[in-house]
Amino acid sequence: MFSTGRVIVLIVLAVVFLIAPPTRAERIRTAVPGLNLNYLSVFTAEERGFFRDEGLENETIVIGGPAGIAALVSGDVDYSGAGGSGLRAAVKGAPLKAIMYQTEKPTWYLVVSPSITSVSDLKGKKIGVSLIGDSEDRFTTMFVERGGLSAKDVTKISLGTNPGDRILAIKSGGVSAVVLDPAATVMAEREGLRSLAYLGDMFPLPFQGYVTTTQKISENSAQVKRWIRAMIRSLMFLRERPDEATEVALKRLRFRNITKPMLTEAIKSYVRAFPQGVPGMPSPEGVKNILEYEIRLPMKMEETVPAEKFLDLRWVEEVKKELQQRVSK
């Protein structure tokens with residue numbers, strides 16, 4: 001039999017255990033360049049509890065490329081999906097590195113007015129992009145050049161990140177072509193516009209990269225790995241359960257004029273840009289193209305830059321191996 005004193009101790013311990021507050025999740029902020037399908041993974045990680053599983057309480061905010069990087073450097077956010085802007089800021093001395101890439105190739109479509117049937121028809125026309133000088137702008141330039149035009153043959157117009165504004169711009173005749181993500185492309189086709197090309201077919205170029213500060217990497221690498229694991233689980237969820245991912249998209253991305261079946265098809269189209277198997281880790285060829293097309297060429301550098309200077313993929317590689325082992329069991 002327990003002594004009275006021991007019983008009291010056990011009761012006290014039980015009460016302390018019951019009333020002790022749960023371990024508080026680390027509060028973090030993730031910035032994304034736009035409220036579109038390319039960043040559904042972040043919202044899905046929130047809604048499905050993937051961040052919570054990793055002891056994180058994430059707040060996602062929408063901030064355009066350079067502004068998002070400025071917020072990251074200042075410490076206002078912890079992670080940014082403006083990977084291209086982040087890498088170019090790193091070249092200029094910003095203490096940043098890319099830590100993962102959602103896709104192995106871009107997910108953009110070039111949507112045009114019905115009168116445009118080929119790249120040559122774009123000569124002398126205006127093309128709407130989110131921001132002049134960003135990755136979307138440069139990739140569009142490469143596309144028209146591969147189609148036989150020069151960069152001077154078209155005029156780029158900055159239309160911001162709102163897909164509705166871009167669709168309206170092309171319908172009103174302000175531009176003849178716009179760059180859209182898969183969901184916005186479905187919406188545009190419903191409005192009578194047509195998809196001229198899937199820009200991801202040009203060549204592998206890992207996209208939607210996420211960057212963080214070197215201080216974060218050195219002082220809280222455990223958080224970096226947990227954040228990456230939550231994001232990769234979310235990407236896998238999009239691919240494996242597009243119907244359920246559609247519910248998140250409808251709730252968090254606030255689409256208009258798009259039905260649930262259309263959005264589900266858009267998600268299926270989006271995930272085709274993922275690498276095979278566990279996503280998040282760019283291929284060796286992809287890494288070379290990142291350094292070439294996201295850094296060297298836009299920054300007009302003569303020599304190829306070393307990957308380790310701007311990319312730190314240790315944790316995404318570790319998470320990929322761990323998840324692969326779970327799948328194989």
# chains A, B, ... in the order shown; residues from 1 in each chain; ligands from 1
$ closest_atom_pairs --of "stretch 14-102 of chain A" --to "stretch 156-175 of chain A" --cutoff "12 Å" --atoms "only C-alpha atoms" --output "CSV"
residue,atom,partner,partner_atom,distance
A:Val32,CA,A:Thr161,CA,10.7
A:Pro33,CA,A:Thr161,CA,7.5
A:Gly34,CA,A:Thr161,CA,5.5
A:Leu35,CA,A:Asn162,CA,7.4
A:Asn36,CA,A:Pro163,CA,7.9
A:Leu37,CA,A:Pro163,CA,10.4
A:Asn38,CA,A:Thr161,CA,11.6
A:Val62,CA,A:Thr161,CA,9.7
A:Ile63,CA,A:Thr161,CA,9.7
A:Gly64,CA,A:Thr161,CA,7.8
A:Gly65,CA,A:Thr161,CA,10.2
$ residues_around --residues "A:Val248" --least-positions-apart "6" --cutoff "9 Å" --atoms "only C-alpha atoms" --output "PDB file with N, CA and C atoms, in the first residue's frame"
ATOM      1  N   LEU A  40       0.435  26.961 -53.281  1.00  0.00           N
ATOM      2  CA  LEU A  40      -0.595  26.238 -52.547  1.00  0.00           C
ATOM      3  C   LEU A  40       0.014  25.358 -51.465  1.00  0.00           C
ATOM      4  N   PHE A  43       0.074  26.925 -47.915  1.00  0.00           N
ATOM      5  CA  PHE A  43      -1.236  26.976 -47.278  1.00  0.00           C
ATOM      6  C   PHE A  43      -1.724  25.572 -46.909  1.00  0.00           C
ATOM      7  N   THR A  44      -1.374  24.589 -47.739  1.00  0.00           N
ATOM      8  CA  THR A  44      -1.744  23.208 -47.443  1.00  0.00           C
ATOM      9  C   THR A  44      -1.007  22.712 -46.202  1.00  0.00           C
ATOM     10  N   GLU A  47      -2.991  24.161 -43.355  1.00  0.00           N
ATOM     11  CA  GLU A  47      -4.328  23.600 -43.178  1.00  0.00           C
ATOM     12  C   GLU A  47      -4.300  22.127 -42.758  1.00  0.00           C
ATOM     13  N   ARG A  48      -3.351  21.379 -43.276  1.00  0.00           N
ATOM     14  CA  ARG A  48      -3.289  19.943 -42.978  1.00  0.00           C
ATOM     15  C   ARG A  48      -2.438  19.626 -41.752  1.00  0.00           C
TER      16      ARG A  48
END
$ closest_residue --among "A:Gly84, A:Pro275, A:Pro306, A:Gly93" --to "A:Arg138" --atoms "only C-alpha atoms"
A:Gly84
$ residues_around --residues "A:Arg314" --least-positions-apart "4" --cutoff "10 Å" --atoms "only C-alpha atoms" --output "JSON list (two decimals) with C-alpha atoms, in the first residue's frame"
[["chain", "number", "residue", "atom", "x", "y", "z"],
["A", 99, "ILE", "CA", 17.35, 25.63, -49.27],
["A", 100, "MET", "CA", 14.80, 23.81, -51.47],
["A", 225, "LYS", "CA", 14.96, 20.99, -41.58],
["A", 281, "MET", "CA", 15.70, 18.39, -54.25],
["A", 318, "GLU", "CA", 18.31, 14.50, -45.68],
["A", 319, "VAL", "CA", 14.53, 14.85, -45.62]]
$ residues_around --residues "stretch 70-75 of chain A" --least-positions-apart "4" --cutoff "9 Å" --atoms "only C-alpha atoms" --output "PyMOL selection string"
chain A and resi 30-31+63+65-66+79-80+94-96+211-213
$ residues_around --residues "A:Pro182" --least-positions-apart "3" --cutoff "6 Å" --atoms "only C-alpha atoms" --output "ChimeraX atom specification"
/A:185,266,270
$ select_by_dssp --residues "stretch 52-164 of chain A" --states "alpha helix (DSSP H)" --output "VMD selection string"
chain A and resid 52 to 53 65 to 74 83 to 91 135 to 146 163 to 164
$ atom_distance --atom1 "atom CA of A:Asn289" --atom2 "atom CA of A:Leu313"
15.5 Å
$ residues_around --residues "A:Glu104" --least-positions-apart "4" --cutoff "9 Å" --atoms "only C-alpha atoms" --output "list in words"
Gly200, Pro204, Leu205, Pro206, Phe207, Ala273, Phe274, Pro275, Pro279, Gly280, Met281, Pro282, Ser283 and Gly286 of chain A
$ closest_residue --among "A:Glu240, A:Arg194, A:Leu87, A:Thr60" --to "A:Val305" --atoms "only C-alpha atoms"
A:Leu87
$ closest_residue --among "A:Ala230, A:Ile258, A:Ile116, A:Leu180" --to "A:Gly128" --atoms "only C-alpha atoms"
A:Leu180
$ atom_distance --atom1 "atom CA of A:Val111" --atom2 "atom CA of A:Ser135"
17.1 Å
$ atom_distance --atom1 "atom CA of A:Met187" --atom2 "atom CA of A:Glu46"
25.5 Å
$ select_by_dssp --residues "stretch 198-287 of chain A" --states "strand (DSSP E or B)" --output "PyMOL selection string"
chain A and resi 198+207-213
$ write_last_selection --atoms "N, CA and C atoms" --output "tab-separated table (two decimals), in the first residue's frame"
chain	number	residue	atom	x	y	z
A	198	TYR	N	3.43	25.65	-72.91
A	198	TYR	CA	3.83	25.38	-71.53
A	198	TYR	C	5.31	25.70	-71.46
A	207	PHE	N	12.28	25.37	-59.96
A	207	PHE	CA	11.61	26.64	-59.75
A	207	PHE	C	10.93	26.69	-58.40
A	208	GLN	N	10.44	27.90	-58.09
A	208	GLN	CA	9.81	28.14	-56.80
A	208	GLN	C	10.75	27.75	-55.67
A	209	GLY	N	11.95	28.27	-55.77
A	209	GLY	CA	12.93	28.03	-54.73
A	209	GLY	C	12.64	28.86	-53.49
A	210	TYR	N	13.00	28.31	-52.35
A	210	TYR	CA	12.85	29.02	-51.08
A	210	TYR	C	14.23	29.35	-50.52
A	211	VAL	N	14.34	30.55	-49.99
A	211	VAL	CA	15.60	31.00	-49.42
A	211	VAL	C	15.41	31.41	-47.97
A	212	THR	N	16.49	31.36	-47.23
A	212	THR	CA	16.51	31.86	-45.87
A	212	THR	C	17.87	32.48	-45.61
A	213	THR	N	18.04	33.04	-44.44
A	213	THR	CA	19.30	33.72	-44.14
A	213	THR	C	20.36	32.74	-43.65
$ closest_residue --among "A:Gly55, A:Gly192, A:Pro114, A:Gly124" --to "A:Ser150" --atoms "only C-alpha atoms"
A:Gly124
$ residues_around --residues "A:Ala222" --least-positions-apart "2" --cutoff "12 Å" --atoms "only C-alpha atoms" --output "JSON list (two decimals) with N, CA and C atoms, in the first residue's frame"
[["chain", "number", "residue", "atom", "x", "y", "z"],
["A", 26, "GLU", "N", 7.04, 27.04, -32.37],
["A", 26, "GLU", "CA", 7.85, 28.17, -32.81],
["A", 26, "GLU", "C", 7.05, 28.95, -33.86],
["A", 54, "GLU", "N", 5.58, 19.60, -36.97],
["A", 54, "GLU", "CA", 7.00, 19.89, -36.80],
["A", 54, "GLU", "C", 7.25, 20.92, -35.70],
["A", 55, "GLY", "N", 6.21, 21.23, -34.92],
["A", 55, "GLY", "CA", 6.38, 22.18, -33.84],
["A", 55, "GLY", "C", 6.46, 23.62, -34.31],
["A", 56, "LEU", "N", 5.85, 23.90, -35.46],
["A", 56, "LEU", "CA", 5.91, 25.25, -36.04],
["A", 56, "LEU", "C", 4.52, 25.83, -36.19],
["A", 216, "LYS", "N", 19.91, 32.18, -39.97],
["A", 216, "LYS", "CA", 18.93, 31.14, -39.64],
["A", 216, "LYS", "C", 19.56, 29.75, -39.78],
["A", 217, "ILE", "N", 20.31, 29.56, -40.84],
["A", 217, "ILE", "CA", 20.95, 28.27, -41.09],
["A", 217, "ILE", "C", 21.95, 27.92, -39.99],
["A", 218, "SER", "N", 22.72, 28.90, -39.55],
["A", 218, "SER", "CA", 23.75, 28.62, -38.56],
["A", 218, "SER", "C", 23.20, 28.51, -37.14],
["A", 219, "GLU", "N", 22.14, 29.28, -36.85],
["A", 219, "GLU", "CA", 21.63, 29.34, -35.48],
["A", 219, "GLU", "C", 20.45, 28.41, -35.23],
["A", 220, "ASN", "N", 19.73, 28.03, -36.27],
["A", 220, "ASN", "CA", 18.55, 27.19, -36.06],
["A", 220, "ASN", "C", 18.35, 26.24, -37.24],
["A", 224, "VAL", "N", 15.08, 24.79, -39.78],
["A", 224, "VAL", "CA", 15.14, 24.75, -41.25],
["A", 224, "VAL", "C", 14.72, 23.38, -41.75],
["A", 225, "LYS", "N", 15.27, 22.35, -41.14],
["A", 225, "LYS", "CA", 14.96, 20.99, -41.58],
["A", 225, "LYS", "C", 13.49, 20.66, -41.33],
["A", 226, "ARG", "N", 12.96, 21.08, -40.19],
["A", 226, "ARG", "CA", 11.55, 20.80, -39.90],
["A", 226, "ARG", "C", 10.63, 21.55, -40.85],
["A", 227, "TRP", "N", 11.00, 22.80, -41.17],
["A", 227, "TRP", "CA", 10.21, 23.57, -42.13],
["A", 227, "TRP", "C", 10.20, 22.88, -43.49],
["A", 228, "ILE", "N", 11.37, 22.41, -43.93],
["A", 228, "ILE", "CA", 11.48, 21.71, -45.21],
["A", 228, "ILE", "C", 10.66, 20.44, -45.21],
["A", 229, "ARG", "N", 10.71, 19.69, -44.12],
["A", 229, "ARG", "CA", 9.95, 18.44, -44.05],
["A", 229, "ARG", "C", 8.45, 18.71, -44.18],
["A", 314, "ARG", "N", 21.57, 20.67, -47.93],
["A", 314, "ARG", "CA", 21.84, 19.55, -47.01],
["A", 314, "ARG", "C", 20.57, 18.99, -46.40],
["A", 315, "TRP", "N", 19.69, 19.86, -45.95],
["A", 315, "TRP", "CA", 18.52, 19.39, -45.21],
["A", 315, "TRP", "C", 17.45, 18.83, -46.12],
["A", 316, "VAL", "N", 17.30, 19.42, -47.29],
["A", 316, "VAL", "CA", 16.31, 18.85, -48.22],
["A", 316, "VAL", "C", 16.77, 17.47, -48.68],
["A", 318, "GLU", "N", 18.55, 15.38, -46.82],
["A", 318, "GLU", "CA", 18.31, 14.50, -45.68],
["A", 318, "GLU", "C", 16.84, 14.12, -45.58],
["A", 319, "VAL", "N", 15.97, 15.11, -45.71],
["A", 319, "VAL", "CA", 14.53, 14.85, -45.62],
["A", 319, "VAL", "C", 14.09, 13.92, -46.73]]
$ closest_residue --among "A:Met202, A:Val278, A:Ala184, A:Leu122" --to "A:Ser234" --atoms "only C-alpha atoms"
A:Val278
$ closest_residue --among "A:Ile28, A:Ala245, A:Val91, A:Ala188" --to "A:Arg296" --atoms "only C-alpha atoms"
A:Val91
